$ cat data.tsv   # TSV, C-alpha atoms
chain	number	residue	atom	x	y	z
A	1	MET	CA	25.46	-39.05	10.69
A	2	GLY	CA	26.49	-41.80	13.11
A	3	ARG	CA	26.53	-41.38	16.81
A	4	ILE	CA	29.70	-40.35	18.60
A	5	THR	CA	30.76	-42.99	21.07
A	6	THR	CA	33.05	-42.80	24.05
A	7	ALA	CA	35.33	-45.20	22.22
A	8	THR	CA	36.38	-42.31	19.99
A	9	LEU	CA	37.63	-40.27	22.95
A	10	PRO	CA	40.97	-40.26	24.77
A	11	GLN	CA	40.89	-41.99	28.12
A	12	ASP	CA	41.20	-38.65	29.94
A	13	GLU	CA	38.29	-36.98	28.08
A	14	ASP	CA	36.70	-36.21	31.45
A	15	ALA	CA	39.81	-34.41	32.69
A	16	PRO	CA	39.39	-30.76	33.76
A	17	VAL	CA	39.56	-28.35	30.84
A	18	ARG	CA	41.28	-24.97	30.70
A	19	ALA	CA	39.41	-21.93	29.43
A	20	THR	CA	41.80	-21.88	26.47
A	21	GLY	CA	40.43	-25.20	25.27
A	22	GLY	CA	42.79	-27.95	26.47
A	23	PRO	CA	42.98	-30.24	29.49
A	24	SER	CA	44.55	-28.70	32.56
A	25	PRO	CA	48.28	-29.37	32.91
A	26	ALA	CA	47.76	-30.97	36.31
A	27	SER	CA	45.30	-33.46	34.87
A	28	GLU	CA	47.94	-34.76	32.50
A	29	GLY	CA	50.88	-34.73	34.85
A	30	VAL	CA	52.48	-31.78	33.05
A	31	PRO	CA	54.20	-29.12	35.20
A	32	ASP	CA	52.39	-25.75	35.40
A	33	GLU	CA	55.50	-24.04	34.07
A	34	ALA	CA	57.55	-26.06	31.62
A	35	PRO	CA	61.27	-25.32	31.10
A	36	SER	CA	61.82	-22.45	28.69
A	37	SER	CA	65.12	-23.51	27.13
A	38	ALA	CA	64.92	-23.65	23.33
A	39	GLY	CA	65.23	-27.10	21.81
A	40	ASP	CA	64.61	-28.89	25.11
A	41	PRO	CA	63.06	-32.28	24.20
A	42	VAL	CA	60.82	-32.10	27.30
A	43	VAL	CA	59.42	-28.75	26.15
A	44	GLU	CA	58.94	-30.05	22.59
A	45	ALA	CA	57.11	-33.14	23.91
A	46	VAL	CA	54.81	-30.98	26.04
A	47	ASP	CA	54.16	-28.63	23.10
A	48	GLY	CA	53.41	-31.57	20.80
A	49	ARG	CA	51.00	-33.07	23.29
A	50	SER	CA	49.28	-29.73	23.76
A	51	ARG	CA	48.87	-29.31	20.01
A	52	ARG	CA	47.37	-32.79	19.73
A	53	TRP	CA	44.90	-31.97	22.49
A	54	ASP	CA	43.99	-28.69	20.79
A	55	LEU	CA	43.34	-30.53	17.52
A	56	HIS	CA	41.33	-33.21	19.29
A	57	ARG	CA	39.20	-30.65	21.14
A	58	ALA	CA	38.54	-28.65	17.98
A	59	ALA	CA	37.46	-31.80	16.12
A	60	ARG	CA	35.35	-32.98	19.04
A	61	ARG	CA	33.67	-29.60	19.39
A	62	ALA	CA	32.88	-29.48	15.67
A	63	GLU	CA	31.42	-32.99	15.76
A	64	LEU	CA	29.24	-32.16	18.77
A	65	ALA	CA	27.96	-29.07	16.95
A	66	ARG	CA	27.06	-31.15	13.91
A	67	VAL	CA	25.24	-33.69	16.09
A	68	ALA	CA	23.39	-30.84	17.80
A	69	ARG	CA	22.35	-29.42	14.44
A	70	LYS	CA	20.95	-32.79	13.36
A	71	THR	CA	19.14	-33.23	16.69
A	72	VAL	CA	17.58	-29.77	16.46
A	73	HIS	CA	16.52	-30.47	12.89
A	74	LEU	CA	14.76	-33.69	13.92
A	75	ARG	CA	13.33	-32.69	17.32
A	76	GLY	CA	12.80	-28.94	17.11
A	77	PRO	CA	14.47	-25.76	18.41
A	78	ASP	CA	13.48	-26.44	22.03
A	79	VAL	CA	15.54	-29.62	22.23
A	80	SER	CA	17.26	-30.05	25.59
A	81	MET	CA	20.94	-30.41	26.31
A	82	ASP	CA	20.19	-33.88	27.70
A	83	GLU	CA	18.72	-34.94	24.35
A	84	ILE	CA	21.69	-33.56	22.45
A	85	ALA	CA	24.14	-35.28	24.78
A	86	ALA	CA	22.26	-38.59	24.44
A	87	GLU	CA	22.36	-38.33	20.64
A	88	ALA	CA	26.11	-37.68	20.85
A	89	GLY	CA	26.59	-40.68	23.11
A	90	THR	CA	28.08	-38.63	25.93
A	91	SER	CA	26.99	-36.79	29.07
A	92	LYS	CA	25.56	-33.30	29.41
A	93	SER	CA	28.52	-32.27	31.56
A	94	ILE	CA	30.88	-33.09	28.68
A	95	VAL	CA	28.79	-31.02	26.28
A	96	TYR	CA	28.90	-28.09	28.70
A	97	ARG	CA	32.66	-28.51	28.98
A	98	TYR	CA	32.97	-27.71	25.27
A	99	PHE	CA	30.34	-24.98	25.00
A	100	VAL	CA	30.00	-23.35	28.48
A	101	ASP	CA	26.23	-22.98	28.17
A	102	LYS	CA	23.39	-23.60	25.72
A	103	SER	CA	23.95	-20.26	23.99
A	104	GLY	CA	27.53	-21.33	23.33
A	105	LEU	CA	26.22	-24.46	21.64
A	106	GLN	CA	23.73	-22.29	19.76
A	107	ALA	CA	26.61	-20.20	18.42
A	108	ALA	CA	28.57	-23.32	17.45
A	109	VAL	CA	25.62	-24.70	15.49
A	110	GLY	CA	25.37	-21.29	13.84
A	111	GLU	CA	29.02	-21.64	12.79
A	112	VAL	CA	28.22	-24.98	11.12
A	113	VAL	CA	25.28	-23.38	9.28
A	114	LEU	CA	27.49	-20.46	8.27
A	115	GLU	CA	30.05	-22.80	6.72
A	116	ASP	CA	27.36	-24.15	4.42
A	117	MET	CA	25.97	-20.67	3.82
A	118	HIS	CA	29.39	-19.27	2.98
A	119	ALA	CA	29.94	-21.91	0.29
A	120	ARG	CA	26.46	-21.31	-1.13
A	121	LEU	CA	26.92	-17.52	-1.21
A	122	ASP	CA	30.32	-17.84	-2.89
A	123	GLU	CA	28.71	-20.02	-5.53
A	124	ALA	CA	25.89	-17.50	-5.98
A	125	VAL	CA	28.28	-14.60	-6.52
A	126	SER	CA	30.68	-16.47	-8.79
A	127	SER	CA	27.89	-17.68	-11.08
A	128	ALA	CA	25.99	-14.38	-11.20
A	129	VAL	CA	25.70	-12.68	-14.57
A	130	SER	CA	25.02	-9.28	-12.97
A	131	PRO	CA	25.13	-7.65	-9.52
A	132	ARG	CA	21.35	-7.81	-9.29
A	133	ASP	CA	21.42	-11.50	-10.16
A	134	GLY	CA	24.05	-12.03	-7.48
A	135	LEU	CA	21.91	-10.25	-4.89
A	136	ARG	CA	18.90	-12.36	-5.80
A	137	SER	CA	20.94	-15.57	-5.64
A	138	MET	CA	22.20	-14.70	-2.16
A	139	ILE	CA	18.66	-13.94	-0.95
A	140	GLU	CA	17.47	-17.19	-2.48
A	141	ALA	CA	20.24	-19.09	-0.69
A	142	TYR	CA	19.14	-17.60	2.63
A	143	LEU	CA	15.50	-18.54	2.03
A	144	GLU	CA	16.50	-22.05	0.99
A	145	MET	CA	18.37	-22.43	4.29
A	146	ILE	CA	15.42	-21.43	6.47
A	147	ASP	CA	12.98	-23.43	4.35
A	148	GLY	CA	15.16	-26.53	4.50
A	149	SER	CA	15.30	-26.57	8.31
A	150	PRO	CA	13.13	-24.02	10.12
A	151	SER	CA	13.98	-25.60	13.47
A	152	VAL	CA	17.71	-25.03	12.99
A	153	TYR	CA	17.03	-21.49	11.78
A	154	TRP	CA	14.99	-20.62	14.88
A	155	PHE	CA	17.58	-22.28	17.10
A	156	VAL	CA	20.49	-20.19	15.81
A	157	THR	CA	18.62	-16.86	15.51
A	158	ARG	CA	16.53	-16.80	18.70
A	159	PRO	CA	17.56	-14.31	21.42
A	160	VAL	CA	19.98	-15.69	23.97
A	161	ALA	CA	19.70	-15.35	27.72
A	162	GLU	CA	21.17	-12.38	29.55
A	163	GLY	CA	24.70	-13.07	30.68
A	164	SER	CA	25.21	-15.81	28.11
A	165	SER	CA	28.58	-16.58	26.56
A	166	VAL	CA	27.68	-15.18	23.10
A	167	THR	CA	26.18	-11.96	21.80
A	168	LEU	CA	22.57	-11.60	20.65
A	169	ASN	CA	23.16	-10.95	16.95
A	170	ARG	CA	26.32	-12.93	16.33
A	171	PHE	CA	24.81	-15.21	13.69
A	172	LEU	CA	23.24	-12.36	11.72
A	173	ASP	CA	26.38	-10.23	12.07
A	174	ASP	CA	28.41	-13.07	10.59
A	175	ILE	CA	25.99	-13.45	7.69
A	176	ALA	CA	26.23	-9.71	7.02
A	177	SER	CA	30.02	-9.89	6.94
A	178	ILE	CA	30.07	-12.74	4.41
A	179	ILE	CA	27.53	-10.95	2.21
A	180	ALA	CA	29.03	-7.46	2.12
A	181	ARG	CA	32.46	-7.95	0.62
A	182	PRO	CA	31.69	-10.49	-2.12
A	183	PHE	CA	28.75	-8.38	-3.25
A	184	VAL	CA	30.83	-5.20	-3.32
A	185	ALA	CA	33.50	-7.08	-5.28
A	186	LEU	CA	30.80	-8.18	-7.71
A	187	LEU	CA	29.68	-4.58	-8.13
A	188	HIS	CA	33.22	-3.44	-8.87
A	189	GLY	CA	33.68	-6.30	-11.29
A	190	ARG	CA	30.66	-5.05	-13.23
A	191	GLY	CA	31.82	-1.44	-13.22
A	192	GLY	CA	29.90	-0.32	-10.14
A	193	ALA	CA	30.76	2.86	-8.30
A	194	SER	CA	32.61	2.94	-4.98
A	195	VAL	CA	29.60	4.09	-2.92
A	196	LEU	CA	29.62	0.83	-0.96
A	197	ASP	CA	33.34	0.77	-0.14
A	198	GLY	CA	34.51	0.33	3.45
A	199	GLN	CA	32.04	0.97	6.26
A	200	PRO	CA	29.09	1.76	3.93
A	201	ALA	CA	29.34	-1.82	2.68
A	202	ASP	CA	29.01	-3.10	6.24
A	203	VAL	CA	26.07	-0.76	6.88
A	204	TRP	CA	24.34	-1.90	3.69
A	205	ALA	CA	24.93	-5.58	4.41
A	206	SER	CA	23.64	-5.32	8.00
A	207	GLY	CA	20.54	-3.50	6.82
A	208	ALA	CA	19.99	-5.91	3.94
A	209	VAL	CA	20.34	-8.97	6.19
A	210	GLY	CA	17.92	-7.45	8.69
A	211	PHE	CA	15.42	-6.81	5.91
A	212	VAL	CA	15.80	-10.30	4.47
A	213	LYS	CA	15.51	-11.86	7.94
A	214	GLY	CA	12.30	-9.94	8.65
A	215	ALA	CA	10.83	-11.02	5.32
A	216	GLY	CA	11.97	-14.59	5.89
A	217	ASP	CA	10.51	-14.72	9.41
A	218	TRP	CA	7.18	-13.50	8.08
A	219	TRP	CA	7.30	-16.06	5.28
A	220	LEU	CA	7.99	-18.97	7.62
A	221	ALA	CA	4.92	-18.02	9.64
A	222	HIS	CA	2.62	-17.46	6.63
A	223	ARG	CA	3.97	-19.60	3.79
A	224	ASP	CA	1.14	-22.16	4.03
A	225	GLU	CA	-1.61	-19.54	3.88
A	226	PRO	CA	-3.59	-18.93	0.67
A	227	GLY	CA	-1.92	-16.35	-1.52
A	228	ALA	CA	1.45	-16.52	0.25
A	229	PRO	CA	4.43	-16.18	-2.12
A	230	THR	CA	6.66	-19.09	-2.91
A	231	ALA	CA	10.32	-18.92	-1.92
A	232	ASP	CA	11.19	-18.02	-5.51
A	233	GLU	CA	8.59	-15.26	-5.63
A	234	LEU	CA	9.68	-13.86	-2.29
A	235	ALA	CA	13.33	-13.84	-3.37
A	236	GLU	CA	12.40	-11.82	-6.46
A	237	ARG	CA	10.27	-9.36	-4.50
A	238	VAL	CA	12.87	-8.78	-1.79
A	239	THR	CA	15.56	-8.34	-4.43
A	240	ALA	CA	13.44	-5.74	-6.23
A	241	TRP	CA	12.80	-3.84	-2.98
A	242	LEU	CA	16.48	-3.84	-2.00
A	243	TRP	CA	17.70	-3.07	-5.53
A	244	ALA	CA	15.36	-0.08	-5.90
A	245	GLY	CA	16.91	1.38	-2.74
A	246	PRO	CA	20.51	2.49	-2.23
A	247	VAL	CA	21.99	-0.17	-4.53
A	248	GLY	CA	19.77	0.99	-7.39
A	249	SER	CA	21.21	4.48	-7.09
A	250	LEU	CA	24.54	3.14	-8.37
$ encode --input "data.tsv" --output "structure tokens"
Amino acid sequence: MGRITTATLPQDEDAPVRATGGPSPASEGVPDEAPSSAGDPVVEAVDGRSRRWDLHRAARRAELARVARKTVHLRGPDVSMDEIAAEAGTSKSIVYRYFVDKSGLQAAVGEVVLEDMHARLDEAVSSAVSPRDGLRSMIEAYLEMIDGSPSVYWFVTRPVAEGSSVTLNRFLDDIASIIARPFVALLHGRGGASVLDGQPADVWASGAVGFVKGAGDWWLAHRDEPGAPTADELAERVTAWLWAGPVGSL
């Protein structure tokens, strides 16, 4: 991934930014309250410019998150905001403008990881020959993620500071939500009962993700020790433990 350079930014990149994600009207010479008449070309011009800024900011934020992910992968989970900003070819103040604080950047990197995870989980479910096989494939995908970049995994799952801009378990909550419904759909597609419909599916997914995370954390710390299971062996064991529980009762 190439560095982001200031040449890719609008000239007023350093302009004050609203909480909603765009530059402040005053910084662009736009009145605080634009005329409200429908079809007014001035209003349409302002709206078009605002939409372009929103698109630019969303793209810029996503690119900064991807750069941060790469930097964490190469330098470790304790990488500083200064290092991330330097890798992005910008200043730390600009990075803070997009993410509020380091926990906000942590959440954004988690969103990038989740995009990849979502695609991998969808593939696991769609290619599964049975619900149990689908569960094992999803567990295997999770273990492959943490094995492929432990630094990124620790960065997105570590507790955040009190008063931060994101919640403690956001990343794991999001993983639970993308696991629950496709797995329940897989169960129904194979003639499973409706025990995991609605809220029970969310409860099961949250518990399953917590169990898999605990097993994965242990594995990362002990995987190089004699007798430690391989990722494939651990995926099979965790699947068996989960399947013999509430899912097995179906």
$ closest_residue --input "data.tsv" --among "A:Ser126, A:Val109, A:Val209, A:Lys102" --to "Leu64 (chain A)" --atoms "only C-alpha atoms"
A:Val109
$ closest_residue --input "data.tsv" --among "A:Gly210, A:Gly110, A:Pro159, A:Gly216" --to "Leu143 (chain A)" --atoms "only C-alpha atoms"
A:Gly216
$ residues_around --input "data.tsv" --residues "Asp78 (chain A)" --least-positions-apart "6" --cutoff "9 Å" --atoms "all atoms listed in the file" --output "list in words"
Val72, Ser151 and Phe155 of chain A
$ closest_residue --input "data.tsv" --among "A:Ala244, A:Ala128, A:Val238, A:Val67" --to "Thr90 (chain A)" --atoms "all atoms listed in the file"
A:Val67
$ axis_aligned_box --input "data.tsv" --around "region 83-92 of chain A" --padding-each-side "4 Å" --output "lines of an AutoDock Vina configuration file"
center_x = 23.4
center_y = -37.0
center_z = 25.0
size_x = 17.4
size_y = 15.4
size_z = 16.8
$ atom_distance --input "data.tsv" --atom1 "CA of Ala215 (chain A)" --atom2 "CA of Leu74 (chain A)"
24.6 Å
$ atom_distance --input "data.tsv" --atom1 "CA of Lys70 (chain A)" --atom2 "CA of Ala124 (chain A)"
25.1 Å
$ residues_around --input "data.tsv" --residues "Arg61 (chain A)" --least-positions-apart "2" --cutoff "12 Å" --atoms "all atoms listed in the file" --output "compact mmCIF listing (two decimals) with C-alpha atoms, in the frame of the given file"
# COMPACT_ATOMS: atom_id res chain seq x y z
CA ILE A 4 29.70 -40.35 18.60
CA LEU A 9 37.63 -40.27 22.95
CA GLY A 21 40.43 -25.20 25.27
CA GLY A 22 42.79 -27.95 26.47
CA TRP A 53 44.90 -31.97 22.49
CA ASP A 54 43.99 -28.69 20.79
CA LEU A 55 43.34 -30.53 17.52
CA HIS A 56 41.33 -33.21 19.29
CA ARG A 57 39.20 -30.65 21.14
CA ALA A 58 38.54 -28.65 17.98
CA ALA A 59 37.46 -31.80 16.12
CA GLU A 63 31.42 -32.99 15.76
CA LEU A 64 29.24 -32.16 18.77
CA ALA A 65 27.96 -29.07 16.95
CA ARG A 66 27.06 -31.15 13.91
CA VAL A 67 25.24 -33.69 16.09
CA ALA A 68 23.39 -30.84 17.80
CA ALA A 88 26.11 -37.68 20.85
CA ILE A 94 30.88 -33.09 28.68
CA VAL A 95 28.79 -31.02 26.28
CA TYR A 96 28.90 -28.09 28.70
CA ARG A 97 32.66 -28.51 28.98
CA TYR A 98 32.97 -27.71 25.27
CA PHE A 99 30.34 -24.98 25.00
CA VAL A 100 30.00 -23.35 28.48
CA GLY A 104 27.53 -21.33 23.33
CA LEU A 105 26.22 -24.46 21.64
CA ALA A 107 26.61 -20.20 18.42
CA ALA A 108 28.57 -23.32 17.45
CA VAL A 109 25.62 -24.70 15.49
CA GLU A 111 29.02 -21.64 12.79
CA VAL A 112 28.22 -24.98 11.12
$ atom_distance --input "data.tsv" --atom1 "CA of Ala228 (chain A)" --atom2 "CA of Ile179 (chain A)"
26.7 Å
